[in-house]
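Asks: Before we start, here is the structure in question, set down as structure tokens.
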Amino acid sequence: LTYSDKGWNGMVVLVVDYSRPWSIMERLDHWVACLDKHIESMKIEPSESRDVCGKLAKSLQEYCLPGTESNKDVLLPLTEGVLDQNLGIPIAVVCTKVDSMTTLEKDLDYTDSYFDLIQWHLRKFCLKYGAGLFYLNGKESPNTDVLYKYIVHKMYSMPFGKYSP
């Protein structure tokens, strides 16, 4: 991950193992702390840091559903809990092995309320950092294509969903 006068030339993808839900938040907190430490070590000028953080905030405020037109004149408000920790870099959180939910239900007596709580924590984390959240299973997952399009969208400012592999 490097920084130039044009901003970040990359994005961060944090991958967690959904078959081990008890470690998800600890792993995310660990990696975002490493990322924060790395960003601090780069000694980016405060004005440049404000610029990239502002761009990330603006990209969230201009959000519109794929296939609809964005009104660049109207910025959505960032409510409490959204982008509370603006690192200025696009982040995606990818949960792999989500097909292990049946095993967790069968072997460890996980219920829907456990999975709801896990999802709540994941969503709260993603809102805090302005991250996208993706769920992938070990077999064919339609979300793999969505993740690919999201990465292309964030990395190259392409319209989301317009680019196909």
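Identifiers in the structure tokens: chain A, B, ... in order shown; residue index from 1 per chain; ligand index from 1 in order shown.
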Could you produce a table of the residues of stretch 30-131 of chain A lying within 12 Å of stretch 10-25 of chain A, with the nearest pair of atoms per residue and their separation in Å rounded to one decimal, using only C-alpha atoms, ordered by chain and increasing residue number, as JSON lines?
Replies:
{"residue": "A:His30", "atom": "CA", "partner": "A:Met25", "partner_atom": "CA", "distance": 8.4}
{"residue": "A:Trp31", "atom": "CA", "partner": "A:Leu14", "partner_atom": "CA", "distance": 7.4}
{"residue": "A:Val32", "atom": "CA", "partner": "A:Leu14", "partner_atom": "CA", "distance": 8.5}
{"residue": "A:Ala33", "atom": "CA", "partner": "A:Leu14", "partner_atom": "CA", "distance": 11.9}
{"residue": "A:Cys34", "atom": "CA", "partner": "A:Leu14", "partner_atom": "CA", "distance": 11.5}
{"residue": "A:Leu35", "atom": "CA", "partner": "A:Val12", "partner_atom": "CA", "distance": 8.7}
{"residue": "A:Asp36", "atom": "CA", "partner": "A:Val12", "partner_atom": "CA", "distance": 11.6}
{"residue": "A:Leu56", "atom": "CA", "partner": "A:Met11", "partner_atom": "CA", "distance": 11.5}
{"residue": "A:Leu87", "atom": "CA", "partner": "A:Val12", "partner_atom": "CA", "distance": 10.8}
{"residue": "A:Gly88", "atom": "CA", "partner": "A:Met11", "partner_atom": "CA", "distance": 9.9}
{"residue": "A:Ile89", "atom": "CA", "partner": "A:Met11", "partner_atom": "CA", "distance": 6.1}
{"residue": "A:Pro90", "atom": "CA", "partner": "A:Met11", "partner_atom": "CA", "distance": 5.1}
{"residue": "A:Ile91", "atom": "CA", "partner": "A:Val12", "partner_atom": "CA", "distance": 4.7}
{"residue": "A:Ala92", "atom": "CA", "partner": "A:Val13", "partner_atom": "CA", "distance": 4.7}
{"residue": "A:Val93", "atom": "CA", "partner": "A:Leu14", "partner_atom": "CA", "distance": 4.8}
{"residue": "A:Val94", "atom": "CA", "partner": "A:Val15", "partner_atom": "CA", "distance": 4.7}
{"residue": "A:Cys95", "atom": "CA", "partner": "A:Val16", "partner_atom": "CA", "distance": 5.0}
{"residue": "A:Thr96", "atom": "CA", "partner": "A:Asp17", "partner_atom": "CA", "distance": 5.2}
{"residue": "A:Lys97", "atom": "CA", "partner": "A:Tyr18", "partner_atom": "CA", "distance": 5.4}
{"residue": "A:Val98", "atom": "CA", "partner": "A:Tyr18", "partner_atom": "CA", "distance": 5.4}
{"residue": "A:Asp99", "atom": "CA", "partner": "A:Ser19", "partner_atom": "CA", "distance": 8.1}
{"residue": "A:Ser100", "atom": "CA", "partner": "A:Ser19", "partner_atom": "CA", "distance": 5.3}
{"residue": "A:Met101", "atom": "CA", "partner": "A:Ser19", "partner_atom": "CA", "distance": 7.1}
{"residue": "A:Thr102", "atom": "CA", "partner": "A:Ser19", "partner_atom": "CA", "distance": 9.8}
{"residue": "A:Thr103", "atom": "CA", "partner": "A:Ser19", "partner_atom": "CA", "distance": 8.3}
{"residue": "A:Leu104", "atom": "CA", "partner": "A:Ser19", "partner_atom": "CA", "distance": 7.3}
{"residue": "A:Glu105", "atom": "CA", "partner": "A:Ser19", "partner_atom": "CA", "distance": 10.8}
{"residue": "A:Asp107", "atom": "CA", "partner": "A:Ser19", "partner_atom": "CA", "distance": 11.5}
{"residue": "A:Leu108", "atom": "CA", "partner": "A:Ser19", "partner_atom": "CA", "distance": 11.1}
{"residue": "A:Tyr110", "atom": "CA", "partner": "A:Pro21", "partner_atom": "CA", "distance": 10.4}
{"residue": "A:Tyr114", "atom": "CA", "partner": "A:Pro21", "partner_atom": "CA", "distance": 9.6}
{"residue": "A:Phe115", "atom": "CA", "partner": "A:Pro21", "partner_atom": "CA", "distance": 8.9}
{"residue": "A:Asp116", "atom": "CA", "partner": "A:Pro21", "partner_atom": "CA", "distance": 11.7}
{"residue": "A:Leu117", "atom": "CA", "partner": "A:Pro21", "partner_atom": "CA", "distance": 10.4}
{"residue": "A:Ile118", "atom": "CA", "partner": "A:Pro21", "partner_atom": "CA", "distance": 7.3}
{"residue": "A:Gln119", "atom": "CA", "partner": "A:Pro21", "partner_atom": "CA", "distance": 10.0}
{"residue": "A:Trp120", "atom": "CA", "partner": "A:Met25", "partner_atom": "CA", "distance": 11.2}
{"residue": "A:His121", "atom": "CA", "partner": "A:Met25", "partner_atom": "CA", "distance": 7.6}
{"residue": "A:Leu122", "atom": "CA", "partner": "A:Met25", "partner_atom": "CA", "distance": 7.5}
{"residue": "A:Arg123", "atom": "CA", "partner": "A:Met25", "partner_atom": "CA", "distance": 11.0}
{"residue": "A:Lys124", "atom": "CA", "partner": "A:Met25", "partner_atom": "CA", "distance": 10.6}
{"residue": "A:Phe125", "atom": "CA", "partner": "A:Met25", "partner_atom": "CA", "distance": 8.4}
{"residue": "A:Cys126", "atom": "CA", "partner": "A:Leu14", "partner_atom": "CA", "distance": 10.7}
{"residue": "A:Tyr129", "atom": "CA", "partner": "A:Val12", "partner_atom": "CA", "distance": 11.3}
{"residue": "A:Gly130", "atom": "CA", "partner": "A:Val12", "partner_atom": "CA", "distance": 11.6}
{"residue": "A:Ala131", "atom": "CA", "partner": "A:Val13", "partner_atom": "CA", "distance": 9.2}
Asks: Using DSSP assignments from the backbone, pull out every residue in chain A that falls under helix (DSSP H, G or I) and give it to me as a VMD selection string.
Replies: chain A and resid 21 to 41 46 to 61 98 to 108 112 to 129 142 to 156
Asks: How many Å separate atom CA of A:Val152 from atom CA of A:Tyr63?
Replies: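 These two atoms are separated by 15.9 Å.
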Asks: Please provide as a list in words all residues within 12 Å of A:Cys64, with the sequence filter that same-chain residues fewer than 4 positions apart are discarded (counting only C-alpha atoms).
Replies: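 Selected residues are Ser59, Leu60, Thr68, Glu69, Ser70, Asn71, Lys72, Val74, Leu75, Leu76, Pro159 and Phe160 of chain A.
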Asks: Keeping C-alpha atoms for every residue in the selection just given, could you write it to a file as an mmCIF file, in the first residue's frame?
Replies:
data_model
loop_
_atom_site.group_PDB
_atom_site.id
_atom_site.type_symbol
_atom_site.label_atom_id
_atom_site.label_comp_id
_atom_site.auth_asym_id
_atom_site.auth_seq_id
_atom_site.Cartn_x
_atom_site.Cartn_y
_atom_site.Cartn_z
ATOM 1 C CA SER A 59 -18.018 8.867 -2.096
ATOM 2 C CA LEU A 60 -20.284 7.562 0.673
ATOM 3 C CA THR A 68 -29.450 4.643 -10.841
ATOM 4 C CA GLU A 69 -28.067 8.092 -11.477
ATOM 5 C CA SER A 70 -26.294 9.946 -8.673
ATOM 6 C CA ASN A 71 -27.243 13.540 -7.972
ATOM 7 C CA LYS A 72 -23.817 15.047 -7.251
ATOM 8 C CA VAL A 74 -27.156 16.398 -3.045
ATOM 9 C CA LEU A 75 -24.881 14.830 -0.442
ATOM 10 C CA LEU A 76 -26.392 12.324 1.957
ATOM 11 C CA PRO A 159 -19.337 2.912 -12.518
ATOM 12 C CA PHE A 160 -20.280 0.042 -10.230
#
Asks: Between A:Leu28, A:Lys37, A:Ser157, A:Glu80, single out the one closest to A:Lys55, counting only C-alpha atoms.
Replies: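 The closest residue to A:Lys55 is A:Ser157.
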Asks: For a test of reading the model, state the distance in Å between atom CA of A:Met42 and atom CA of A:Asn9, rounded to one decimal.
Replies: 13.9 Å
Asks: Kindly indicate which residue among A:Asp109, A:Asp145, A:Glu45, A:Asp73 lies nearest to A:Lys58, using only C-alpha atoms for the distances.
Replies: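 Checking each candidate against A:Lys58, we get A:Asp73 as the closest.
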Asks: In Å, with one decimal, what is the gap from atom CA of A:Tyr3 to atom CA of A:Ile44?
Replies: 8.3 Å
Asks: Which of stretch 51-109 of chain A end up as strand (DSSP E) when DSSP is run on this backbone - answer as a list in words?
Replies: Ile91, Ala92, Val93, Val94, Cys95 and Thr96 of chain A
Asks: Of the candidates A:Ile39, A:Leu78, A:Asp112, A:Glu48, which shows the shortest atom-to-atom distance to A:Thr2, using only C-alpha atoms?
Replies: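 With only C-alpha atoms as the atom set, the closest residue is A:Ile39.
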